[in-house]
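Engineer: Questions regarding the structure given below will be posed in turn.
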Amino acid sequence: MIASKLAQNLRGSEIIRIAGEINELKRQGQNIANLTIGDYDSNIYPIPAELKQGIVDAYQHNQTNYPPADGVLALRESVSSFLKNRYNLDYSAKQLLVSGGSRPLIYSTFLALVDPGDKVVFPAPSWNNNHYCDLTGAKAVILQTTPEHNFMPTAADIAPHLKGATLLALCSPLNPTGTMFSKKDLEEICDLVIAENKTRKEGEKPLYVLYDQIYSQLTFGDHVHYNPVSLRPELKDYTIFIDGASKCFAATGVRVGWGFGPEKIINNMKAIVGHMGAWSPKAEQVAMAKYIMDDKAVDTYLAELKKNIQNSLTALHDGFQQLKSEGFDVDSIAPMGAIYLTVKVDYAGKTTPAGDVLKDAADINFYLIKEAGVAFVPFPAFGAGDDMNWFRVSVGASTLQEIKDIAPRIKAALQKLK
């Protein structure tokens, strides 16, 4: 049987492949700390109690039919107020689209803007942009970033590639690194987009920015989240935001995402999401509309969630820095936002006790799974080069004690290598 060219050429998820290996080892009775999935253990990080009760109430009131294609009006109005209060962003309900999480919003942004062969510029590592390029037939221009700049793209990285591009895909805090744009760096990138669009002729497709800020409520310490439109209001006609409740309220399974941007583009995306049927469940939308208007409940929940996530990230960062100080070839970047820590385990070329040579990040990762009972995601799974021995570590599905136990296990495993 011959499948479509798209199906034949589409790459599978490396994260899912790693998860399959972990599940098999668990079935064999091994204890694996799975820090691969960008999710929460709902027994450790339950959704807000008020939101949970609101969902139950909505089902009890039979809010179980189809929602409007662009989302329940009450939710879009609540999100509009939320954006104004939290970011000082002014978007009406007509400029908002609700979907079942953020994935349909990202995909529909690509489908609404990108024709086959169009150039899409994005950094690596980053989440799934390479796969959305595959799905839309776009020409992917992948910018390899560096640890010296926290794996965030700079204006200098981006500038040579914007001529003729249709879409610049950015994310901050960034999945997979948990790092963020500084104000200065994002301003410089915004100015590049503005300058490029001034060169476009009438009738020529402009350069758009997809700005994924799904983790924007999860920032730590002095780190501040910035967005293109607040920094450069003239970009409002060219920026499509990806946002939602999945990460900031530990509500990944609740499936309520929202995107916002120019009304014409949002309307195009609405038609696409409608044909996909990728709506958020109505009861969850009704509950979310009420919950996000309760500032006290939201602030209380976010404060507790951020404290606990930061404690886990800091504990892991401290553990890696201790190993580094002891002479191990590891490193980590101090946590800034999201639920991820960026770590380096640079042991390519080393030999395992079984006599196998670790060739790359994938080999290092599977060695740590088997010898340390710890699973990360190598950056090459996010489009980075195969020689990049850096990893995403997700802490949302582990307790603080489980996180503290990781560094000693890694130390013991690394000491066995030759």
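Note on naming: chains are A, B, ... as they come in the structure tokens, residues start from 1 per chain, ligands start from 1 in the order shown.
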Using DSSP on the backbone, list every residue of region 115-171 of chain A that comes out as strand (DSSP E), and give them as a VMD selection string.

Structural biologist: chain A and resid 119 to 124 139 to 144 165 to 171

Engineer: Sorted by chain and rising residue number, which residues of region 234-349 of chain A lie within 12 Å of region 102-125 of chain A, and what are their closest atom pairs and distances in Å to one decimal, counting only C-alpha atoms, as a Markdown table?

Structural biologist:
```
| residue | atom | partner | partner_atom | distance |
| --- | --- | --- | --- | --- |
| A:Tyr238 | CA | A:Leu113 | CA | 10.8 |
| A:Thr239 | CA | A:Thr109 | CA | 10.4 |
| A:Ile240 | CA | A:Thr109 | CA | 7.6 |
| A:Phe241 | CA | A:Leu105 | CA | 9.0 |
| A:Ile242 | CA | A:Ser102 | CA | 6.4 |
| A:Asp243 | CA | A:Ser102 | CA | 6.6 |
| A:Gly244 | CA | A:Ser102 | CA | 6.7 |
| A:Ala245 | CA | A:Ser102 | CA | 9.1 |
| A:Ser246 | CA | A:Ser102 | CA | 8.1 |
| A:Lys247 | CA | A:Ser102 | CA | 10.2 |
| A:Ala251 | CA | A:Ser102 | CA | 11.9 |
| A:Thr252 | CA | A:Ser102 | CA | 9.9 |
| A:Gly253 | CA | A:Ser102 | CA | 11.7 |
| A:Val254 | CA | A:Ser102 | CA | 11.6 |
| A:Arg255 | CA | A:Ser102 | CA | 8.2 |
| A:Val256 | CA | A:Ser102 | CA | 7.8 |
| A:Gly257 | CA | A:Ser102 | CA | 5.0 |
| A:Trp258 | CA | A:Ser102 | CA | 6.8 |
| A:Gly259 | CA | A:Leu105 | CA | 6.3 |
| A:Phe260 | CA | A:Leu105 | CA | 9.4 |
| A:Gly261 | CA | A:Thr109 | CA | 10.3 |
| A:Pro262 | CA | A:Thr109 | CA | 11.5 |
| A:Lys264 | CA | A:Ala112 | CA | 10.1 |
| A:Ile265 | CA | A:Ala112 | CA | 6.9 |
| A:Ile266 | CA | A:Thr109 | CA | 8.4 |
| A:Asn267 | CA | A:Ala112 | CA | 9.4 |
| A:Asn268 | CA | A:Ala112 | CA | 6.1 |
| A:Met269 | CA | A:Ser108 | CA | 5.3 |
| A:Lys270 | CA | A:Ser108 | CA | 8.2 |
| A:Ala271 | CA | A:Ser108 | CA | 9.1 |
| A:Ile272 | CA | A:Ser108 | CA | 6.1 |
| A:Val273 | CA | A:Ser108 | CA | 6.5 |
| A:Gly274 | CA | A:Ser108 | CA | 10.1 |
| A:His275 | CA | A:Ser108 | CA | 10.5 |
| A:Met276 | CA | A:Pro104 | CA | 8.4 |
| A:Gly277 | CA | A:Pro104 | CA | 9.6 |
| A:Ala278 | CA | A:Pro104 | CA | 6.5 |
| A:Trp279 | CA | A:Pro104 | CA | 8.7 |
| A:Ser280 | CA | A:Pro104 | CA | 10.2 |
| A:Thr342 | CA | A:Pro125 | CA | 10.9 |
```

Engineer: When you look at Glu196 (chain A) with a cut-off of 9 Å (counting only C-alpha atoms), what residues show up, excluding the ones that are within fewer than 6 positions of it in the same chain? I need them as a ChimeraX atom specification.

Structural biologist: /A:162-164,206-207

Engineer: For those residues, write N, CA and C atoms to a file as a PDB file, in the first residue's frame.

Structural biologist:
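In the end it all went to out04.pdb:
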```pdb
ATOM      1  N   LEU A 162      15.441  37.089   6.395  1.00  0.00           N
ATOM      2  CA  LEU A 162      14.079  37.613   6.352  1.00  0.00           C
ATOM      3  C   LEU A 162      13.621  38.020   4.952  1.00  0.00           C
ATOM      4  N   LYS A 163      14.533  38.312   4.056  1.00  0.00           N
ATOM      5  CA  LYS A 163      14.137  38.724   2.717  1.00  0.00           C
ATOM      6  C   LYS A 163      13.314  37.622   2.053  1.00  0.00           C
ATOM      7  N   GLY A 164      12.079  37.965   1.717  1.00  0.00           N
ATOM      8  CA  GLY A 164      11.194  37.014   1.053  1.00  0.00           C
ATOM      9  C   GLY A 164      10.501  36.030   1.965  1.00  0.00           C
ATOM     10  N   PRO A 206       3.071  40.107   3.269  1.00  0.00           N
ATOM     11  CA  PRO A 206       3.987  40.658   4.278  1.00  0.00           C
ATOM     12  C   PRO A 206       4.676  39.555   5.071  1.00  0.00           C
ATOM     13  N   LEU A 207       5.632  39.971   5.867  1.00  0.00           N
ATOM     14  CA  LEU A 207       6.268  39.070   6.817  1.00  0.00           C
ATOM     15  C   LEU A 207       5.473  39.098   8.116  1.00  0.00           C
TER      16      LEU A 207
END
```

Engineer: Pick out the closest residue to Val72 (chain A) from this set: A:Val395, A:Met288, A:Ala7, A:Val298. Count only C-alpha atoms.

Structural biologist: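 Distance minimum relative to Val72 (chain A) lands on A:Met288.
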
Engineer: Given the choices A:His317, A:Gly349, A:Thr300, A:Asn389, which gets closest to Glu50 (chain A) if the distance is worked out from only C-alpha atoms?

Structural biologist: A:Thr300

Engineer: Contacts of Met336 (chain A) at 8 Å or less, counting only C-alpha atoms, minus same-chain residues fewer than 2 places along, as a PyMOL selection string?

Structural biologist: chain A and resi 173+178-180+219-221+223+334+338

Engineer: Store the residues of this selection in a file with N, CA, C and O atoms, as a PDB file, in the first residue's frame.

Structural biologist:
```pdb
ATOM      1  N   PRO A 173       8.558  32.439  27.072  1.00  0.00           N
ATOM      2  CA  PRO A 173       9.658  31.520  27.351  1.00  0.00           C
ATOM      3  C   PRO A 173       9.653  30.354  26.353  1.00  0.00           C
ATOM      4  O   PRO A 173       8.594  29.874  25.962  1.00  0.00           O
ATOM      5  N   GLY A 178      13.335  26.847  28.251  1.00  0.00           N
ATOM      6  CA  GLY A 178      12.952  27.596  29.440  1.00  0.00           C
ATOM      7  C   GLY A 178      13.643  28.942  29.531  1.00  0.00           C
ATOM      8  O   GLY A 178      13.583  29.603  30.573  1.00  0.00           O
ATOM      9  N   THR A 179      14.303  29.378  28.452  1.00  0.00           N
ATOM     10  CA  THR A 179      14.955  30.681  28.415  1.00  0.00           C
ATOM     11  C   THR A 179      14.044  31.703  27.726  1.00  0.00           C
ATOM     12  O   THR A 179      13.040  31.336  27.122  1.00  0.00           O
ATOM     13  N   MET A 180      14.428  32.995  27.809  1.00  0.00           N
ATOM     14  CA  MET A 180      13.521  34.057  27.391  1.00  0.00           C
ATOM     15  C   MET A 180      14.259  35.156  26.637  1.00  0.00           C
ATOM     16  O   MET A 180      15.465  35.340  26.790  1.00  0.00           O
ATOM     17  N   THR A 219       7.158  32.817  34.780  1.00  0.00           N
ATOM     18  CA  THR A 219       8.491  33.398  34.759  1.00  0.00           C
ATOM     19  C   THR A 219       8.980  33.524  36.196  1.00  0.00           C
ATOM     20  O   THR A 219       8.185  33.642  37.127  1.00  0.00           O
ATOM     21  N   PHE A 220      10.311  33.538  36.358  1.00  0.00           N
ATOM     22  CA  PHE A 220      10.887  33.437  37.689  1.00  0.00           C
ATOM     23  C   PHE A 220      11.846  34.598  37.979  1.00  0.00           C
ATOM     24  O   PHE A 220      12.515  35.110  37.082  1.00  0.00           O
ATOM     25  N   GLY A 221      11.889  34.974  39.252  1.00  0.00           N
ATOM     26  CA  GLY A 221      12.838  35.992  39.688  1.00  0.00           C
ATOM     27  C   GLY A 221      12.602  37.320  39.007  1.00  0.00           C
ATOM     28  O   GLY A 221      11.465  37.794  38.903  1.00  0.00           O
ATOM     29  N   HIS A 223      13.091  37.940  35.867  1.00  0.00           N
ATOM     30  CA  HIS A 223      12.850  37.791  34.433  1.00  0.00           C
ATOM     31  C   HIS A 223      11.439  38.260  34.075  1.00  0.00           C
ATOM     32  O   HIS A 223      10.462  37.886  34.722  1.00  0.00           O
ATOM     33  N   ALA A 334      20.619  28.667  34.166  1.00  0.00           N
ATOM     34  CA  ALA A 334      19.728  29.022  35.277  1.00  0.00           C
ATOM     35  C   ALA A 334      18.295  29.205  34.782  1.00  0.00           C
ATOM     36  O   ALA A 334      18.067  29.793  33.718  1.00  0.00           O
ATOM     37  N   ALA A 338       8.889  28.909  32.156  1.00  0.00           N
ATOM     38  CA  ALA A 338       8.328  27.630  31.710  1.00  0.00           C
ATOM     39  C   ALA A 338       8.590  26.531  32.741  1.00  0.00           C
ATOM     40  O   ALA A 338       8.820  26.812  33.918  1.00  0.00           O
TER      41      ALA A 338
END
```

Engineer: So the first atom is CA of Leu96 (chain A) and the second is CA of Leu73 (chain A); what is the distance between them in Å, to one decimal place?

Structural biologist: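 Between CA of Leu96 (chain A) and CA of Leu73 (chain A) the gap works out to 9.7 Å.
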
Engineer: With only C-alpha atoms as the basis for distance, which of A:Gln322, A:Asp387, A:Ile369, A:Ala412 is at the shortest distance from Glu21 (chain A)?

Structural biologist: A:Ile369

Engineer: Extract, using only C-alpha atoms, all DNA, RNA and protein residues at most 12 Å from Pro176 (chain A), discarding same-chain residues fewer than 2 positions from it, and format them as a VMD selection string.

Structural biologist: chain A and resid 15 35 to 38 123 to 128 150 to 152 171 to 174 178 to 180 215 335 337 to 343 376 to 384 390 to 395

Engineer: Excluding Ala74 (chain A) and residues on its chain fewer than 2 positions from it, collect all residues at most 9 Å away from it, counting only C-alpha atoms, and give them as a list in words.

Structural biologist: Gly71, Val72, Arg76, Glu77, Ser78, Val79, Ala93, Gln285, Val286, Ala289 and Lys290 of chain A

Engineer: Would you mind exporting the chosen residues as a compact mmCIF listing (two decimals), in the first residue's frame, restricted to N, CA and C atoms?

Structural biologist:
```
# COMPACT_ATOMS: atom_id res chain seq x y z
N GLY A 71 -15.17 29.90 19.45
CA GLY A 71 -15.13 29.85 20.91
C GLY A 71 -16.33 30.52 21.54
N VAL A 72 -16.67 30.08 22.73
CA VAL A 72 -17.79 30.67 23.47
C VAL A 72 -17.53 32.17 23.66
N ARG A 76 -14.20 34.37 25.11
CA ARG A 76 -13.43 35.32 24.32
C ARG A 76 -13.45 36.71 24.96
N GLU A 77 -14.57 37.08 25.55
CA GLU A 77 -14.64 38.36 26.25
C GLU A 77 -13.78 38.35 27.51
N SER A 78 -13.78 37.23 28.22
CA SER A 78 -12.94 37.12 29.41
C SER A 78 -11.46 37.16 29.05
N VAL A 79 -11.09 36.46 27.98
CA VAL A 79 -9.69 36.48 27.54
C VAL A 79 -9.29 37.89 27.12
N ALA A 93 -13.03 40.59 21.30
CA ALA A 93 -13.47 39.20 21.17
C ALA A 93 -13.42 38.73 19.72
N GLN A 285 -14.78 25.53 28.30
CA GLN A 285 -14.75 26.95 27.91
C GLN A 285 -15.60 27.79 28.87
N VAL A 286 -16.78 27.30 29.18
CA VAL A 286 -17.68 28.04 30.09
C VAL A 286 -17.01 28.23 31.45
N ALA A 289 -14.06 30.74 31.26
CA ALA A 289 -14.52 32.13 31.13
C ALA A 289 -14.75 32.75 32.50
N LYS A 290 -15.30 31.97 33.40
CA LYS A 290 -15.57 32.47 34.75
C LYS A 290 -14.29 32.53 35.58
```

Engineer: Using only C-alpha atoms for the distances, tell me which of A:Ala195, A:Ala372, A:Ala397, A:Ala69 is nearest to Lys416 (chain A).

Structural biologist: A:Ala372
